Every structure is written in C-alpha cells, then in structure tokens.
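Next comes upload_19.pdb, with PDB, N, CA and C atoms and all ligand atoms.
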```pdb
ATOM      1  N   MET A   1      19.108  -1.262 -19.229  1.00  0.00           N
ATOM      2  CA  MET A   1      17.646  -1.369 -19.291  1.00  0.00           C
ATOM      3  C   MET A   1      17.156  -2.468 -18.355  1.00  0.00           C
ATOM      4  N   PRO A   2      16.131  -2.167 -17.590  1.00  0.00           N
ATOM      5  CA  PRO A   2      15.600  -3.215 -16.706  1.00  0.00           C
ATOM      6  C   PRO A   2      14.979  -4.348 -17.503  1.00  0.00           C
ATOM      7  N   ARG A   3      15.214  -5.541 -17.046  1.00  0.00           N
ATOM      8  CA  ARG A   3      14.580  -6.709 -17.660  1.00  0.00           C
ATOM      9  C   ARG A   3      13.231  -6.945 -17.003  1.00  0.00           C
ATOM     10  N   ASN A   4      12.226  -7.197 -17.763  1.00  0.00           N
ATOM     11  CA  ASN A   4      10.884  -7.447 -17.218  1.00  0.00           C
ATOM     12  C   ASN A   4      10.438  -6.331 -16.276  1.00  0.00           C
ATOM     13  N   GLY A   5      10.924  -5.114 -16.524  1.00  0.00           N
ATOM     14  CA  GLY A   5      10.464  -3.985 -15.732  1.00  0.00           C
ATOM     15  C   GLY A   5      11.145  -3.800 -14.393  1.00  0.00           C
ATOM     16  N   THR A   6      12.062  -4.679 -14.040  1.00  0.00           N
ATOM     17  CA  THR A   6      12.771  -4.477 -12.775  1.00  0.00           C
ATOM     18  C   THR A   6      14.275  -4.554 -13.005  1.00  0.00           C
ATOM     19  N   TYR A   7      14.999  -3.767 -12.255  1.00  0.00           N
ATOM     20  CA  TYR A   7      16.451  -3.822 -12.326  1.00  0.00           C
ATOM     21  C   TYR A   7      16.955  -5.069 -11.622  1.00  0.00           C
ATOM     22  N   HIS A   8      18.103  -5.529 -12.099  1.00  0.00           N
ATOM     23  CA  HIS A   8      18.716  -6.708 -11.507  1.00  0.00           C
ATOM     24  C   HIS A   8      20.058  -6.340 -10.897  1.00  0.00           C
ATOM     25  N   LEU A   9      20.488  -7.169  -9.994  1.00  0.00           N
ATOM     26  CA  LEU A   9      21.692  -6.886  -9.222  1.00  0.00           C
ATOM     27  C   LEU A   9      22.902  -6.599 -10.116  1.00  0.00           C
ATOM     28  N   ALA A  10      23.029  -7.327 -11.205  1.00  0.00           N
ATOM     29  CA  ALA A  10      24.193  -7.158 -12.077  1.00  0.00           C
ATOM     30  C   ALA A  10      24.208  -5.792 -12.762  1.00  0.00           C
ATOM     31  N   GLU A  11      23.054  -5.127 -12.826  1.00  0.00           N
ATOM     32  CA  GLU A  11      22.973  -3.832 -13.507  1.00  0.00           C
ATOM     33  C   GLU A  11      23.307  -2.662 -12.595  1.00  0.00           C
ATOM     34  N   ILE A  12      23.310  -2.913 -11.288  1.00  0.00           N
ATOM     35  CA  ILE A  12      23.550  -1.838 -10.329  1.00  0.00           C
ATOM     36  C   ILE A  12      25.019  -1.444 -10.359  1.00  0.00           C
ATOM     37  N   LYS A  13      25.281  -0.139 -10.352  1.00  0.00           N
ATOM     38  CA  LYS A  13      26.661   0.328 -10.455  1.00  0.00           C
ATOM     39  C   LYS A  13      27.357   0.451  -9.107  1.00  0.00           C
ATOM     40  N   ALA A  14      26.573   0.611  -8.049  1.00  0.00           N
ATOM     41  CA  ALA A  14      27.160   0.861  -6.737  1.00  0.00           C
ATOM     42  C   ALA A  14      27.945  -0.349  -6.235  1.00  0.00           C
ATOM     43  N   ASP A  15      29.010  -0.104  -5.465  1.00  0.00           N
ATOM     44  CA  ASP A  15      29.793  -1.189  -4.889  1.00  0.00           C
ATOM     45  C   ASP A  15      29.077  -1.820  -3.705  1.00  0.00           C
ATOM     46  N   LYS A  16      28.358  -0.981  -2.969  1.00  0.00           N
ATOM     47  CA  LYS A  16      27.682  -1.445  -1.762  1.00  0.00           C
ATOM     48  C   LYS A  16      26.173  -1.361  -1.932  1.00  0.00           C
ATOM     49  N   VAL A  17      25.500  -2.328  -1.370  1.00  0.00           N
ATOM     50  CA  VAL A  17      24.043  -2.326  -1.374  1.00  0.00           C
ATOM     51  C   VAL A  17      23.580  -2.277   0.073  1.00  0.00           C
ATOM     52  N   CYS A  18      22.865  -1.212   0.426  1.00  0.00           N
ATOM     53  CA  CYS A  18      22.383  -1.044   1.786  1.00  0.00           C
ATOM     54  C   CYS A  18      20.878  -1.263   1.828  1.00  0.00           C
ATOM     55  N   ILE A  19      20.436  -1.954   2.863  1.00  0.00           N
ATOM     56  CA  ILE A  19      19.001  -2.065   3.102  1.00  0.00           C
ATOM     57  C   ILE A  19      18.705  -1.569   4.510  1.00  0.00           C
ATOM     58  N   ALA A  20      17.527  -1.021   4.674  1.00  0.00           N
ATOM     59  CA  ALA A  20      17.097  -0.527   5.978  1.00  0.00           C
ATOM     60  C   ALA A  20      15.596  -0.688   6.069  1.00  0.00           C
ATOM     61  N   CYS A  21      15.105  -0.639   7.305  1.00  0.00           N
ATOM     62  CA  CYS A  21      13.687  -0.827   7.508  1.00  0.00           C
ATOM     63  C   CYS A  21      13.234  -0.063   8.741  1.00  0.00           C
ATOM     64  N   ASP A  22      11.958   0.259   8.759  1.00  0.00           N
ATOM     65  CA  ASP A  22      11.386   0.970   9.896  1.00  0.00           C
ATOM     66  C   ASP A  22      11.520   0.176  11.194  1.00  0.00           C
ATOM     67  N   CYS A  23      11.701  -1.115  11.111  1.00  0.00           N
ATOM     68  CA  CYS A  23      11.811  -1.941  12.311  1.00  0.00           C
ATOM     69  C   CYS A  23      13.194  -1.845  12.946  1.00  0.00           C
ATOM     70  N   GLY A  24      14.111  -1.121  12.286  1.00  0.00           N
ATOM     71  CA  GLY A  24      15.439  -0.964  12.851  1.00  0.00           C
ATOM     72  C   GLY A  24      16.499  -1.750  12.116  1.00  0.00           C
ATOM     73  N   LEU A  25      16.069  -2.576  11.197  1.00  0.00           N
ATOM     74  CA  LEU A  25      16.994  -3.354  10.392  1.00  0.00           C
ATOM     75  C   LEU A  25      17.889  -2.433   9.557  1.00  0.00           C
ATOM     76  N   SER A  26      19.179  -2.716   9.556  1.00  0.00           N
ATOM     77  CA  SER A  26      20.107  -1.949   8.738  1.00  0.00           C
ATOM     78  C   SER A  26      21.275  -2.843   8.391  1.00  0.00           C
ATOM     79  N   ARG A  27      21.480  -3.077   7.105  1.00  0.00           N
ATOM     80  CA  ARG A  27      22.566  -3.947   6.679  1.00  0.00           C
ATOM     81  C   ARG A  27      23.245  -3.345   5.457  1.00  0.00           C
ATOM     82  N   ARG A  28      24.516  -3.704   5.324  1.00  0.00           N
ATOM     83  CA  ARG A  28      25.292  -3.221   4.195  1.00  0.00           C
ATOM     84  C   ARG A  28      25.958  -4.427   3.555  1.00  0.00           C
ATOM     85  N   TYR A  29      25.812  -4.549   2.266  1.00  0.00           N
ATOM     86  CA  TYR A  29      26.373  -5.698   1.566  1.00  0.00           C
ATOM     87  C   TYR A  29      27.307  -5.245   0.456  1.00  0.00           C
ATOM     88  N   ASP A  30      28.296  -6.073   0.203  1.00  0.00           N
ATOM     89  CA  ASP A  30      29.135  -5.882  -0.963  1.00  0.00           C
ATOM     90  C   ASP A  30      28.389  -6.465  -2.158  1.00  0.00           C
ATOM     91  N   ARG A  31      28.193  -5.637  -3.184  1.00  0.00           N
ATOM     92  CA  ARG A  31      27.344  -6.057  -4.296  1.00  0.00           C
ATOM     93  C   ARG A  31      27.882  -7.312  -4.996  1.00  0.00           C
ATOM     94  N   LEU A  32      29.191  -7.356  -5.214  1.00  0.00           N
ATOM     95  CA  LEU A  32      29.745  -8.504  -5.935  1.00  0.00           C
ATOM     96  C   LEU A  32      29.639  -9.785  -5.114  1.00  0.00           C
ATOM     97  N   GLU A  33      29.771  -9.651  -3.793  1.00  0.00           N
ATOM     98  CA  GLU A  33      29.590 -10.819  -2.929  1.00  0.00           C
ATOM     99  C   GLU A  33      28.161 -11.324  -3.006  1.00  0.00           C
ATOM    100  N   LEU A  34      27.227 -10.370  -3.009  1.00  0.00           N
ATOM    101  CA  LEU A  34      25.817 -10.740  -3.127  1.00  0.00           C
ATOM    102  C   LEU A  34      25.563 -11.459  -4.446  1.00  0.00           C
ATOM    103  N   LEU A  35      26.153 -10.927  -5.499  1.00  0.00           N
ATOM    104  CA  LEU A  35      25.986 -11.532  -6.825  1.00  0.00           C
ATOM    105  C   LEU A  35      26.476 -12.980  -6.817  1.00  0.00           C
ATOM    106  N   GLU A  36      27.612 -13.185  -6.188  1.00  0.00           N
ATOM    107  CA  GLU A  36      28.168 -14.527  -6.125  1.00  0.00           C
ATOM    108  C   GLU A  36      27.283 -15.468  -5.316  1.00  0.00           C
ATOM    109  N   ARG A  37      26.792 -14.943  -4.198  1.00  0.00           N
ATOM    110  CA  ARG A  37      26.028 -15.765  -3.280  1.00  0.00           C
ATOM    111  C   ARG A  37      24.605 -16.000  -3.740  1.00  0.00           C
ATOM    112  N   ALA A  38      23.943 -14.935  -4.178  1.00  0.00           N
ATOM    113  CA  ALA A  38      22.515 -15.027  -4.468  1.00  0.00           C
ATOM    114  C   ALA A  38      22.227 -15.109  -5.964  1.00  0.00           C
ATOM    115  N   GLY A  39      23.222 -14.789  -6.796  1.00  0.00           N
ATOM    116  CA  GLY A  39      22.985 -14.775  -8.227  1.00  0.00           C
ATOM    117  C   GLY A  39      22.416 -13.439  -8.657  1.00  0.00           C
ATOM    118  N   ASP A  40      22.148 -13.333  -9.971  1.00  0.00           N
ATOM    119  CA  ASP A  40      21.650 -12.068 -10.504  1.00  0.00           C
ATOM    120  C   ASP A  40      20.142 -11.979 -10.306  1.00  0.00           C
ATOM    121  N   ARG A  41      19.763 -11.490  -9.132  1.00  0.00           N
ATOM    122  CA  ARG A  41      18.355 -11.443  -8.757  1.00  0.00           C
ATOM    123  C   ARG A  41      17.748 -10.102  -9.131  1.00  0.00           C
ATOM    124  N   SER A  42      16.430 -10.071  -9.262  1.00  0.00           N
ATOM    125  CA  SER A  42      15.756  -8.793  -9.426  1.00  0.00           C
ATOM    126  C   SER A  42      15.818  -8.068  -8.093  1.00  0.00           C
ATOM    127  N   MET A  43      15.936  -6.772  -8.142  1.00  0.00           N
ATOM    128  CA  MET A  43      16.135  -6.005  -6.916  1.00  0.00           C
ATOM    129  C   MET A  43      14.959  -6.119  -5.945  1.00  0.00           C
ATOM    130  N   PRO A  44      13.722  -6.058  -6.403  1.00  0.00           N
ATOM    131  CA  PRO A  44      12.605  -6.215  -5.457  1.00  0.00           C
ATOM    132  C   PRO A  44      12.601  -7.582  -4.773  1.00  0.00           C
ATOM    133  N   ALA A  45      12.892  -8.639  -5.519  1.00  0.00           N
ATOM    134  CA  ALA A  45      12.905  -9.981  -4.939  1.00  0.00           C
ATOM    135  C   ALA A  45      14.052 -10.115  -3.946  1.00  0.00           C
ATOM    136  N   LEU A  46      15.188  -9.561  -4.315  1.00  0.00           N
ATOM    137  CA  LEU A  46      16.362  -9.633  -3.445  1.00  0.00           C
ATOM    138  C   LEU A  46      16.108  -8.886  -2.139  1.00  0.00           C
ATOM    139  N   LEU A  47      15.452  -7.749  -2.239  1.00  0.00           N
ATOM    140  CA  LEU A  47      15.166  -6.941  -1.050  1.00  0.00           C
ATOM    141  C   LEU A  47      14.343  -7.736  -0.036  1.00  0.00           C
ATOM    142  N   LEU A  48      13.306  -8.394  -0.521  1.00  0.00           N
ATOM    143  CA  LEU A  48      12.454  -9.177   0.375  1.00  0.00           C
ATOM    144  C   LEU A  48      13.213 -10.355   0.962  1.00  0.00           C
ATOM    145  N   GLU A  49      14.050 -10.964   0.144  1.00  0.00           N
ATOM    146  CA  GLU A  49      14.795 -12.112   0.634  1.00  0.00           C
ATOM    147  C   GLU A  49      15.793 -11.700   1.721  1.00  0.00           C
ATOM    148  N   LEU A  50      16.462 -10.582   1.521  1.00  0.00           N
ATOM    149  CA  LEU A  50      17.415 -10.103   2.519  1.00  0.00           C
ATOM    150  C   LEU A  50      16.686  -9.718   3.807  1.00  0.00           C
ATOM    151  N   ALA A  51      15.532  -9.100   3.667  1.00  0.00           N
ATOM    152  CA  ALA A  51      14.748  -8.711   4.840  1.00  0.00           C
ATOM    153  C   ALA A  51      14.341  -9.948   5.627  1.00  0.00           C
ATOM    154  N   ARG A  52      13.847 -10.950   4.915  1.00  0.00           N
ATOM    155  CA  ARG A  52      13.410 -12.202   5.545  1.00  0.00           C
ATOM    156  C   ARG A  52      14.576 -12.855   6.263  1.00  0.00           C
ATOM    157  N   ARG A  53      15.711 -12.871   5.607  1.00  0.00           N
ATOM    158  CA  ARG A  53      16.893 -13.516   6.169  1.00  0.00           C
ATOM    159  C   ARG A  53      17.341 -12.816   7.454  1.00  0.00           C
ATOM    160  N   ASN A  54      17.041 -11.525   7.570  1.00  0.00           N
ATOM    161  CA  ASN A  54      17.442 -10.758   8.748  1.00  0.00           C
ATOM    162  C   ASN A  54      16.341 -10.657   9.800  1.00  0.00           C
ATOM    163  N   GLY A  55      15.285 -11.428   9.609  1.00  0.00           N
ATOM    164  CA  GLY A  55      14.243 -11.466  10.620  1.00  0.00           C
ATOM    165  C   GLY A  55      13.254 -10.326  10.553  1.00  0.00           C
ATOM    166  N   CYS A  56      13.243  -9.578   9.455  1.00  0.00           N
ATOM    167  CA  CYS A  56      12.288  -8.490   9.284  1.00  0.00           C
ATOM    168  C   CYS A  56      10.910  -9.076   9.040  1.00  0.00           C
ATOM    169  N   LYS A  57       9.896  -8.458   9.671  1.00  0.00           N
ATOM    170  CA  LYS A  57       8.544  -8.995   9.575  1.00  0.00           C
ATOM    171  C   LYS A  57       7.758  -8.408   8.399  1.00  0.00           C
ATOM    172  N   SER A  58       8.385  -7.483   7.666  1.00  0.00           N
ATOM    173  CA  SER A  58       7.640  -6.785   6.621  1.00  0.00           C
ATOM    174  C   SER A  58       7.276  -7.698   5.455  1.00  0.00           C
ATOM    175  N   THR A  59       7.854  -8.894   5.444  1.00  0.00           N
ATOM    176  CA  THR A  59       7.620  -9.779   4.314  1.00  0.00           C
ATOM    177  C   THR A  59       6.594 -10.861   4.629  1.00  0.00           C
ATOM    178  N   GLU A  60       6.093 -10.866   5.859  1.00  0.00           N
ATOM    179  CA  GLU A  60       5.192 -11.941   6.251  1.00  0.00           C
ATOM    180  C   GLU A  60       3.745 -11.636   5.898  1.00  0.00           C
ATOM    181  N   TRP A  61       3.040 -12.655   5.532  1.00  0.00           N
ATOM    182  CA  TRP A  61       1.640 -12.545   5.184  1.00  0.00           C
ATOM    183  C   TRP A  61       0.785 -12.933   6.390  1.00  0.00           C
ATOM    184  N   PRO A  62      -0.322 -12.272   6.720  1.00  0.00           N
ATOM    185  CA  PRO A  62      -0.890 -11.169   5.949  1.00  0.00           C
ATOM    186  C   PRO A  62      -0.201  -9.842   6.256  1.00  0.00           C
ATOM    187  N   LEU A  63      -0.047  -9.048   5.221  1.00  0.00           N
ATOM    188  CA  LEU A  63       0.551  -7.741   5.399  1.00  0.00           C
ATOM    189  C   LEU A  63      -0.485  -6.806   6.015  1.00  0.00           C
ATOM    190  N   THR A  64      -0.083  -6.067   7.016  1.00  0.00           N
ATOM    191  CA  THR A  64      -1.009  -5.150   7.665  1.00  0.00           C
ATOM    192  C   THR A  64      -0.477  -3.729   7.504  1.00  0.00           C
ATOM    193  N   ASN A  65      -1.298  -2.779   7.874  1.00  0.00           N
ATOM    194  CA  ASN A  65      -0.909  -1.383   7.691  1.00  0.00           C
ATOM    195  C   ASN A  65       0.264  -0.980   8.567  1.00  0.00           C
ATOM    196  N   ASP A  66       0.407  -1.663   9.697  1.00  0.00           N
ATOM    197  CA  ASP A  66       1.479  -1.261  10.601  1.00  0.00           C
ATOM    198  C   ASP A  66       2.733  -2.107  10.412  1.00  0.00           C
ATOM    199  N   ARG A  67       2.785  -2.868   9.347  1.00  0.00           N
ATOM    200  CA  ARG A  67       3.984  -3.655   9.104  1.00  0.00           C
ATOM    201  C   ARG A  67       5.166  -2.711   8.865  1.00  0.00           C
ATOM    202  N   CYS A  68       6.324  -3.179   9.187  1.00  0.00           N
ATOM    203  CA  CYS A  68       7.486  -2.363   8.889  1.00  0.00           C
ATOM    204  C   CYS A  68       7.782  -2.496   7.397  1.00  0.00           C
ATOM    205  N   ARG A  69       8.509  -1.567   6.887  1.00  0.00           N
ATOM    206  CA  ARG A  69       8.729  -1.527   5.442  1.00  0.00           C
ATOM    207  C   ARG A  69      10.214  -1.434   5.141  1.00  0.00           C
ATOM    208  N   VAL A  70      10.680  -2.436   4.455  1.00  0.00           N
ATOM    209  CA  VAL A  70      12.096  -2.486   4.133  1.00  0.00           C
ATOM    210  C   VAL A  70      12.353  -1.751   2.810  1.00  0.00           C
ATOM    211  N   TYR A  71      13.507  -1.122   2.675  1.00  0.00           N
ATOM    212  CA  TYR A  71      13.850  -0.377   1.464  1.00  0.00           C
ATOM    213  C   TYR A  71      15.361  -0.384   1.256  1.00  0.00           C
ATOM    214  N   TYR A  72      15.775  -0.046   0.048  1.00  0.00           N
ATOM    215  CA  TYR A  72      17.199   0.114  -0.225  1.00  0.00           C
ATOM    216  C   TYR A  72      17.632   1.487   0.263  1.00  0.00           C
ATOM    217  N   GLY A  73      18.666   1.504   1.080  1.00  0.00           N
ATOM    218  CA  GLY A  73      19.173   2.760   1.593  1.00  0.00           C
ATOM    219  C   GLY A  73      19.648   2.581   3.016  1.00  0.00           C
ATOM    220  N   THR A  74      19.943   3.685   3.650  1.00  0.00           N
ATOM    221  CA  THR A  74      20.335   3.662   5.052  1.00  0.00           C
ATOM    222  C   THR A  74      19.155   4.176   5.855  1.00  0.00           C
ATOM    223  N   PRO A  75      19.132   3.921   7.169  1.00  0.00           N
ATOM    224  CA  PRO A  75      17.948   4.297   7.960  1.00  0.00           C
ATOM    225  C   PRO A  75      17.529   5.746   7.733  1.00  0.00           C
ATOM    226  N   GLY A  76      16.281   5.929   7.358  1.00  0.00           N
ATOM    227  CA  GLY A  76      15.744   7.267   7.132  1.00  0.00           C
ATOM    228  C   GLY A  76      16.093   7.868   5.790  1.00  0.00           C
ATOM    229  N   ARG A  77      16.861   7.167   5.002  1.00  0.00           N
ATOM    230  CA  ARG A  77      17.278   7.727   3.725  1.00  0.00           C
ATOM    231  C   ARG A  77      17.280   6.664   2.625  1.00  0.00           C
ATOM    232  N   ARG A  78      16.228   6.666   1.849  1.00  0.00           N
ATOM    233  CA  ARG A  78      16.136   5.727   0.745  1.00  0.00           C
ATOM    234  C   ARG A  78      17.054   6.149  -0.389  1.00  0.00           C
ATOM    235  N   VAL A  79      17.519   5.176  -1.156  1.00  0.00           N
ATOM    236  CA  VAL A  79      18.279   5.514  -2.358  1.00  0.00           C
ATOM    237  C   VAL A  79      17.324   6.145  -3.367  1.00  0.00           C
ATOM    238  N   ASP A  80      17.850   6.986  -4.241  1.00  0.00           N
ATOM    239  CA  ASP A  80      17.006   7.548  -5.291  1.00  0.00           C
ATOM    240  C   ASP A  80      17.152   6.722  -6.568  1.00  0.00           C
ATOM    241  N   ALA A  81      16.450   7.128  -7.592  1.00  0.00           N
ATOM    242  CA  ALA A  81      16.372   6.327  -8.805  1.00  0.00           C
ATOM    243  C   ALA A  81      17.747   6.096  -9.455  1.00  0.00           C
ATOM    244  N   SER A  82      18.669   7.023  -9.231  1.00  0.00           N
ATOM    245  CA  SER A  82      19.968   6.904  -9.879  1.00  0.00           C
ATOM    246  C   SER A  82      20.748   5.682  -9.364  1.00  0.00           C
ATOM    247  N   PHE A  83      20.392   5.217  -8.170  1.00  0.00           N
ATOM    248  CA  PHE A  83      21.039   4.027  -7.633  1.00  0.00           C
ATOM    249  C   PHE A  83      20.802   2.836  -8.550  1.00  0.00           C
ATOM    250  N   PHE A  84      19.604   2.759  -9.087  1.00  0.00           N
ATOM    251  CA  PHE A  84      19.245   1.626  -9.940  1.00  0.00           C
ATOM    252  C   PHE A  84      19.684   1.808 -11.387  1.00  0.00           C
ATOM    253  N   SER A  85      19.580   3.028 -11.883  1.00  0.00           N
ATOM    254  CA  SER A  85      19.867   3.240 -13.299  1.00  0.00           C
ATOM    255  C   SER A  85      21.338   3.568 -13.536  1.00  0.00           C
ATOM    256  N   GLY A  86      22.070   3.809 -12.472  1.00  0.00           N
ATOM    257  CA  GLY A  86      23.481   4.112 -12.625  1.00  0.00           C
ATOM    258  C   GLY A  86      23.697   5.578 -12.982  1.00  0.00           C
TER
HETATM  259 ZN    ZN A 101      11.434  -4.561   9.045  1.00  0.00          ZN
END
```
What does the file become when written as structure tokens?
Amino acid sequence: MPRNGTYHLAEIKADKVCIACDCGLSRRYDRLELLERAGDRSMPALLLELARRNGCKSTEWPLTNDRCRVYYGTPGRRVDASFFSG
C-alpha cells in the first residue's frame, strides 16, 4: 500500500529503475543501490531528484509548457501501473 498516497522505493518490486525524458535523458539504476544511496524515497520525489542530478531542465521553476518531462521508463515507453504496485 502506498504511504501518503505515493509509492516508495522500498515497495517497488523491479530490480532496475529506469528514467527517461523528452530531452533525451535516459538512465538505468539498480533499485537496491538507489535505496542505499538515497534512502526510501517517494517515487515522485526521487524522480525529480534524479532528473535534476542528470541536468534535466524539467524540474526548474518556472515550469513552462515546452519543458521536457521526465518519467519512469525507457525513452518513449513509460512504465505502467504494475511497476509501482508489483
Ligand atoms: Zn528532461
């Protein structure tokens, strides 16, 4: 069950966590390594932090309509709900 309405890293079943963005950003992380490094973060917060760390502009304020948008998945293919709920 998500805590406070959002899933957390420790609840995800997948071994790998992939993020991608319209700006071309694409990264693949080992989930357990992320857990060790970043702690048990909420998935939305973690996504923004990883994007920021990789130089993605989608997290900068002010957000505009043409900002790139980061998501969990590989380029062009977002993960579906089962990624979060297991
Ligand atoms: Zn981006």
- prompt: Care to translate the PyMOL selection byres (((chain A and resi 11-23 and name CA) around 10) and not hetatm and name CA) into actual residues of this file, as a VMD selection string?
  reply: chain A and resid 1 to 3 7 to 10 24 to 34 40 42 to 43 47 50 to 51 55 to 58 67 to 79 82 to 86
- request: Kindly give the distance, in Å, that separates atom N of Asn4 in chain A and CA of Arg53 in chain A, rounded to a single decimal.
  value: 25.2 Å
- request: Measure the distance from atom C of Gly5 in chain A to CA of Leu46 in chain A in Å and round it to one decimal.
  value: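 Separation of atom C of Gly5 in chain A and CA of Leu46 in chain A: 13.5 Å.
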- prompt: Just asking: which residues within chain A are strand (DSSP E or B) according to DSSP, as an MDAnalysis selection string?
  reply: chainID A and resid 3 6 8 16:21 26:30 42 70:74 77:78
